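Below: one structure, written as structure tokens.
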Amino acid sequence: MQEVLGKPEGFVDNFVRKPGDYPKVTHYCPGCGHGRVHKLIAEAMADLEISDKTVLISPVGCTVFAYYYFDCGNIQSAHGRAPAVGTGVGRSNPGSITISYQGDGDLGAIGTAEIIHAANRGENMTVIFVNNGIYGMTGGQMAPTTLEGQVTTTTPTGRDIDEAGHPMRMSEMIATLEAPVFVERTAVTDTKNIMKTRKAIRKALKSQKDGYGFSFVEILSSCPIGWKMKPVAANQRITDEMVPYFPLKNFKDEIENRSPRPTKTVDPDPNKIIEVLGVDKDERLFKKDQSFIDNFKDQHVRIAGFGGQGVLLAGTTLGYLGMETGLNTTWLPSYGPEMRGGTANCHIVLSNKEVGSPLVEKASTLIAMNQPSLNEFGVTVKPGGLIVINSSTVEGKYTERDDVTCLYIPMNEIAESLGVMQAANMAALTAYLAYSKAFDVDMLTSLIKANFKKKTLIEKNVAVIQKTYEYVKENYLN
Amino acid sequence: MKREFIKGNEAIAKASLLAGCTHYFGYPITPSSEIIHAVANLYPKVGADFVQAESEIAAINMCYGASCAGRRVMTASSSPGISLKQEGVSYMASAELPCVIIDIMRAGPGLGNIWPEQSDYTQVVKGGGHGSYKCPVLAPNSPQEMCDFTIDAFELADKYRTPVYVLSDAYTGQVMEPVEFPSEVKKVKKNDWAIYGDKESKHNLVTSIQMNTTEMEKVNIVLDNKYKEIMEKEVRYSEYMMDDAEMVIVSYGIASRLSRSAIDELRSKGIKVGLFRPISLFPYPTKKLAALADDKVKLFVSVELSNGQMLEDVKIAVNGKKPVEYYGRMGGAIPTHDELVEVLDGFYKKHLG
């Protein structure tokens with residue numbers, strides 16, 4: 001008998017965190033159901049011997065001060081966000097117990113997304129959902145679970161379901177999800193129902209302790225002050241009005257049918273991080289050649305074409321050449337919806353000085369892989385600059401400018417003739433390098449050999465480079 | 001490879017692991033999505049935890065939870081997503097929880113577009129959510145700094161128990177440059193305030209509610225003193241061509257790189273112009289700017305991709321001692337090099353010519 005009347009060990013002895021002069025009593029109103037629910041949780045925590053490893057989260061609502069009482073780790077969180085906070089803290093403390101203690105406005109209105117998704121992920125969490133059909137702390141406003149016709153401070157003539165929608169049955173919604181193992185609605189109206197609630201809370205917490213993941217216990221509870229009723233009448237109202245709409249039952253119990261999940265520790269090994277990131281090796285493809293760097297003339301290159309022509313890869317390849325030779329290099333791509341439109345272009349700046357703007361507004365070289373690119377960017381080339389044109393897709397000569405040099409390279413034909421259509425971009429790069437002499441063409445070959453993984457692809461690309469180089473030599477280098 | 005030719009966004013993801021971050025919670029949004037892509041790829045490989053959250057709000061609150069547990073935790077987003085996160089950031093600032101938040105700014109207001117702007121300055125640098133709080137903000141202008149400042153942000157966050165922002169933009173996120181990564185992982189100490197789900201830490205409480213006005217004001221004062229200490233100790237900036245500069249361009253992030261190119265050209269025309277680049281936006285290098293205004297600098301120009309959100313801070317520092325001009329573009333538009341040179345030249349002629 002003493003055991004039943006005593007304060008459960010899951011509570012702290014004195015509520016020292018509670019301000020004021022009464023550290024033995026709670027801040028809850030007379031007749032409020034929260035006290036009963038708190039006691040059942042505290043008992044379960046003690047009996048299951050989990051209080052040391054339990055973290056209880058109390059978001060906004062009357063239970064925001066739950067940390068006054070529970071003898072465990074306590075987190076107060078934003079309105080509705082406890083399941084997200086629980087996701088973070090639960091994953092951070094593998095093997096711990098996470099309790100998200102929420103009211104109906106918190107869980108069923110402002111935090112609907114968080115509860116649904118935490119449940120759907122099957123987070124290791126037990127949600128205690130106290131449904132009293134009203135916003136208690138904030139001043140008796142309509143909750144998502146307020147019954148039709150119920151008068152609140154924001155439904156002064158009663159909840160009109162045509163205006164405010166129907167009361168939401170959260171347990172039923174949660175139970176439709178695959179991941180939760182245990183979903184039950186109970187009430188704390190009388191001894192029989194309190195004992196059922198006690199059993200449900202224990203089952204939910206034990207299932208979490210045993211590694212089954214997400215469980216959900218909805219508890220119908222009275223708010224005599226919010227309802228403007230005497231405690232006994234308020235209790236009766238749960239039975240008479242709430243239970244017919246929110247049936248007391250188990251909606252899901254999969255504990256028997258599932259296997260516990262192993263505890264997922266999150267403790268990355270620093271050596272593994274270094275290995276996966278590959279930041280332990282400092283390899284340089286080319287020996288640093290200071291005179292090459294000192295004599296390097298700034299290159300502002302624009303490469304443009306259809307998506308799929310390898311425009312961006314040609315750009316990054318050029319960037320790698322810059323990095324490996326010790327130059328400063330930037331590469332800026334077109335991105336987002338611009339890319340999805342089927343065209344692609346990128347800016348590459350190579351310099352022996354620090355690069356300011358990464359944008360190539362006036363290109364020293366334009367590589368135009370198709371006609372639209374030539375039309376759009378041809379005008380941006382600096383006088384005396386170079387345009388490398390893919391003559392496989394661009395018909396005729398470029399006559400818009402007479403102050404630039406144009407190379408016409410049948411990039412597609414060269415690539416296709418060697419059985420590697422996607423290497424037209426390498427033909428483009430080779431032509432640019434062969435003519436501009438910005439880098440030795442052999443450097444491109446070395447880079448391809450070092451960066452490409454497939455041997456056959458390396459061979460084919462190298463063949464494209466060689467063939468293009470011969471083509472440029474024959475037609476443009478005398 | 002230690003040296004990698006890599007996008008700014010991807011450098012952030014790698015750097016976070018080197019900083020000892022174990023948890024990432026995020027929601028995809030262009031132009032920050034390369035971060036979440038890289039995290040999704042890398043974190044599971046090393047045994048770190050990644051969740052694609054149902055919303056930005058959930059993501060920042062998951063960070064809140066992981067931070068309560070003493071973990072190094074990060075989230076990343078882009079402007080509209082940062083707006084959504086502000087509630088959570090305010091709670092974290094109040095509860096004194098460390099967290100690193102990456103903002104790859106895009107154009108706004110509203111849905112705007114995915115091109116670079118710097119118009120989150122106000123919401124990120126001045127607080128952003130409700131209440132009297134601020135977060136340290138580091139503003140990189142290159143992928144190398146995306147890496148370095150991400151690591152620094154974790155250190156600052158732990159040191160001061162506060163959320164810290166890395167504020168960047170679409171171009172700095174998308175651009176690839178050579179980055180040299182450190183080759184060791186930062187060690188993370190246990191915090192005496194955190195909740196580890198064990199007997200030793202069970203009496204810890206993380207909260208941001210104080211019903212008593214005096215008690216809440218005490219929290220406010222603790223925070224305010226912390227911000228004063230940060231303003232004293234954590235100011236960062238860089239200077240370029242400042243020795244003899246009469247005209248000073250004040251510019252951060254991507255705008256500072258556009259300015260740098262313009263300065264090179266103006267210098268070649270004989271104009272004595274330099275770049276003052278705030279790196280920490282909170283704390284803003286107000287004292288240094290004020291000293292410059294007291295000294296030989298005759299004209300300040302704030303160049304930024306917003307309607308002059310940083311301009312206010314430049315004016316506060318200069319305090320009417322010297323003229324302050326502003327030039328900026330918005331909507332994701334970037335001033336062309338010639339345009340910027342012409343505008344700056346115009347300011348020079350107007351005041352000093």
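How things are named: the first chain in the structure tokens is A, the next is B, and so on; residues count from 1 in each chain; ligands count from 1 in the order shown.
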
Inset, instruction - Taking the DSSP assignment computed from this structure's backbone, write out as an NGL selection string all residues of range 135-232 of chain B that belong to alpha helix (DSSP H). - result: :B and (143-160 or 170-174 or 213-232)

Inset, instruction - Just give me the gap between CA of Gly136 in chain A and CA of Lys228 in chain A in Å, one decimal is fine. - result: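 Separating CA of Gly136 in chain A from CA of Lys228 in chain A is a distance of 11.1 Å.
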
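Of the listed residues (A:Leu332, A:Ile387, A:Val301, A:Ile57), A:Leu332 comes nearest to chain B; the distances count only C-alpha atoms.
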
Legend entry - Proximity to Ser83 in chain B - best of B:Tyr326, B:Tyr121, B:Tyr133, B:Phe50, only C-alpha atoms: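 For Ser83 in chain B, the nearest of the given residues is B:Tyr121.
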
Legend entry - DSSP strand (DSSP E) residues within range 205-328 of chain B, listed as a VMD selection string: chain B and resid 205 to 206 237 to 240 247 to 250 273 to 278 280 to 282 299 to 304 324 to 328

Only N, CA, C and O atoms, please: the residues just picked out, written as a compact mmCIF listing (two decimals), in the first residue's frame.
# COMPACT_ATOMS: atom_id res chain seq x y z
N LEU B 205 19.84 20.10 -17.55
CA LEU B 205 18.59 20.58 -18.15
C LEU B 205 18.95 21.58 -19.25
O LEU B 205 19.78 22.46 -19.03
N VAL B 206 18.33 21.41 -20.41
CA VAL B 206 18.48 22.42 -21.45
C VAL B 206 17.12 23.07 -21.64
O VAL B 206 16.14 22.39 -21.95
N TYR B 237 39.12 40.20 -40.36
CA TYR B 237 38.98 40.90 -41.63
C TYR B 237 40.25 40.69 -42.42
O TYR B 237 41.25 40.19 -41.90
N SER B 238 40.21 41.06 -43.70
CA SER B 238 41.45 41.05 -44.48
C SER B 238 41.51 42.32 -45.30
O SER B 238 40.49 42.97 -45.54
N GLU B 239 42.73 42.68 -45.69
CA GLU B 239 42.94 43.93 -46.43
C GLU B 239 43.74 43.66 -47.69
O GLU B 239 44.61 42.79 -47.72
N TYR B 240 43.46 44.43 -48.72
CA TYR B 240 44.18 44.30 -50.00
C TYR B 240 44.43 45.69 -50.54
O TYR B 240 43.49 46.49 -50.66
N MET B 247 40.49 55.58 -51.32
CA MET B 247 39.12 55.05 -51.44
C MET B 247 39.15 53.59 -50.99
O MET B 247 40.00 52.82 -51.45
N VAL B 248 38.25 53.24 -50.09
CA VAL B 248 38.23 51.87 -49.59
C VAL B 248 36.90 51.20 -49.95
O VAL B 248 35.83 51.73 -49.65
N ILE B 249 37.03 50.07 -50.64
CA ILE B 249 35.84 49.28 -50.94
C ILE B 249 35.62 48.32 -49.78
O ILE B 249 36.53 47.58 -49.42
N VAL B 250 34.45 48.36 -49.19
CA VAL B 250 34.12 47.42 -48.12
C VAL B 250 33.20 46.37 -48.72
O VAL B 250 32.12 46.69 -49.24
N VAL B 273 43.11 52.86 -54.46
CA VAL B 273 41.92 52.19 -53.93
C VAL B 273 42.33 50.87 -53.30
O VAL B 273 43.26 50.21 -53.76
N GLY B 274 41.67 50.52 -52.22
CA GLY B 274 41.97 49.26 -51.54
C GLY B 274 40.70 48.53 -51.14
O GLY B 274 39.59 49.07 -51.26
N LEU B 275 40.90 47.29 -50.70
CA LEU B 275 39.75 46.47 -50.31
C LEU B 275 39.83 46.18 -48.81
O LEU B 275 40.83 45.68 -48.30
N PHE B 276 38.77 46.49 -48.11
CA PHE B 276 38.62 46.08 -46.72
C PHE B 276 37.52 45.04 -46.68
O PHE B 276 36.37 45.32 -47.01
N ARG B 277 37.91 43.84 -46.31
CA ARG B 277 36.97 42.72 -46.38
C ARG B 277 36.64 42.19 -44.99
O ARG B 277 37.46 41.53 -44.37
N PRO B 278 35.45 42.48 -44.50
CA PRO B 278 35.05 41.87 -43.22
C PRO B 278 34.92 40.36 -43.41
O PRO B 278 34.29 39.91 -44.37
N SER B 280 34.52 38.27 -40.33
CA SER B 280 33.47 38.03 -39.33
C SER B 280 32.46 39.17 -39.50
O SER B 280 32.82 40.34 -39.44
N LEU B 281 31.23 38.81 -39.77
CA LEU B 281 30.20 39.84 -39.99
C LEU B 281 29.52 40.18 -38.66
O LEU B 281 29.11 41.31 -38.45
N PHE B 282 29.35 39.17 -37.80
CA PHE B 282 29.24 39.44 -36.37
C PHE B 282 30.31 38.60 -35.72
O PHE B 282 30.30 37.40 -35.89
N LEU B 299 37.29 58.05 -48.52
CA LEU B 299 35.99 57.65 -49.06
C LEU B 299 35.80 56.15 -48.87
O LEU B 299 36.72 55.36 -49.12
N PHE B 300 34.61 55.77 -48.43
CA PHE B 300 34.27 54.35 -48.29
C PHE B 300 33.14 54.00 -49.26
O PHE B 300 32.22 54.80 -49.44
N VAL B 301 33.24 52.82 -49.86
CA VAL B 301 32.15 52.35 -50.72
C VAL B 301 31.78 50.93 -50.30
O VAL B 301 32.63 50.03 -50.30
N SER B 302 30.54 50.72 -49.94
CA SER B 302 30.07 49.37 -49.63
C SER B 302 29.58 48.73 -50.92
O SER B 302 28.66 49.25 -51.56
N VAL B 303 30.23 47.65 -51.29
CA VAL B 303 29.81 46.92 -52.50
C VAL B 303 29.25 45.57 -52.05
O VAL B 303 29.96 44.77 -51.44
N GLU B 304 28.00 45.34 -52.32
CA GLU B 304 27.35 44.10 -51.85
C GLU B 304 26.19 43.74 -52.76
O GLU B 304 25.64 44.59 -53.46
N VAL B 324 30.31 57.91 -47.32
CA VAL B 324 30.12 56.48 -47.56
C VAL B 324 29.17 56.32 -48.74
O VAL B 324 28.06 56.85 -48.72
N GLU B 325 29.62 55.63 -49.76
CA GLU B 325 28.76 55.35 -50.91
C GLU B 325 28.42 53.86 -50.91
O GLU B 325 29.02 53.05 -50.20
N TYR B 326 27.47 53.52 -51.74
CA TYR B 326 27.03 52.11 -51.84
C TYR B 326 26.82 51.75 -53.30
O TYR B 326 26.30 52.55 -54.08
N TYR B 327 27.24 50.57 -53.67
CA TYR B 327 26.82 50.03 -54.97
C TYR B 327 26.49 48.56 -54.81
O TYR B 327 27.23 47.80 -54.16
N GLY B 328 25.39 48.16 -55.35
CA GLY B 328 25.00 46.76 -55.26
C GLY B 328 24.06 46.38 -56.38
O GLY B 328 23.46 47.25 -57.03
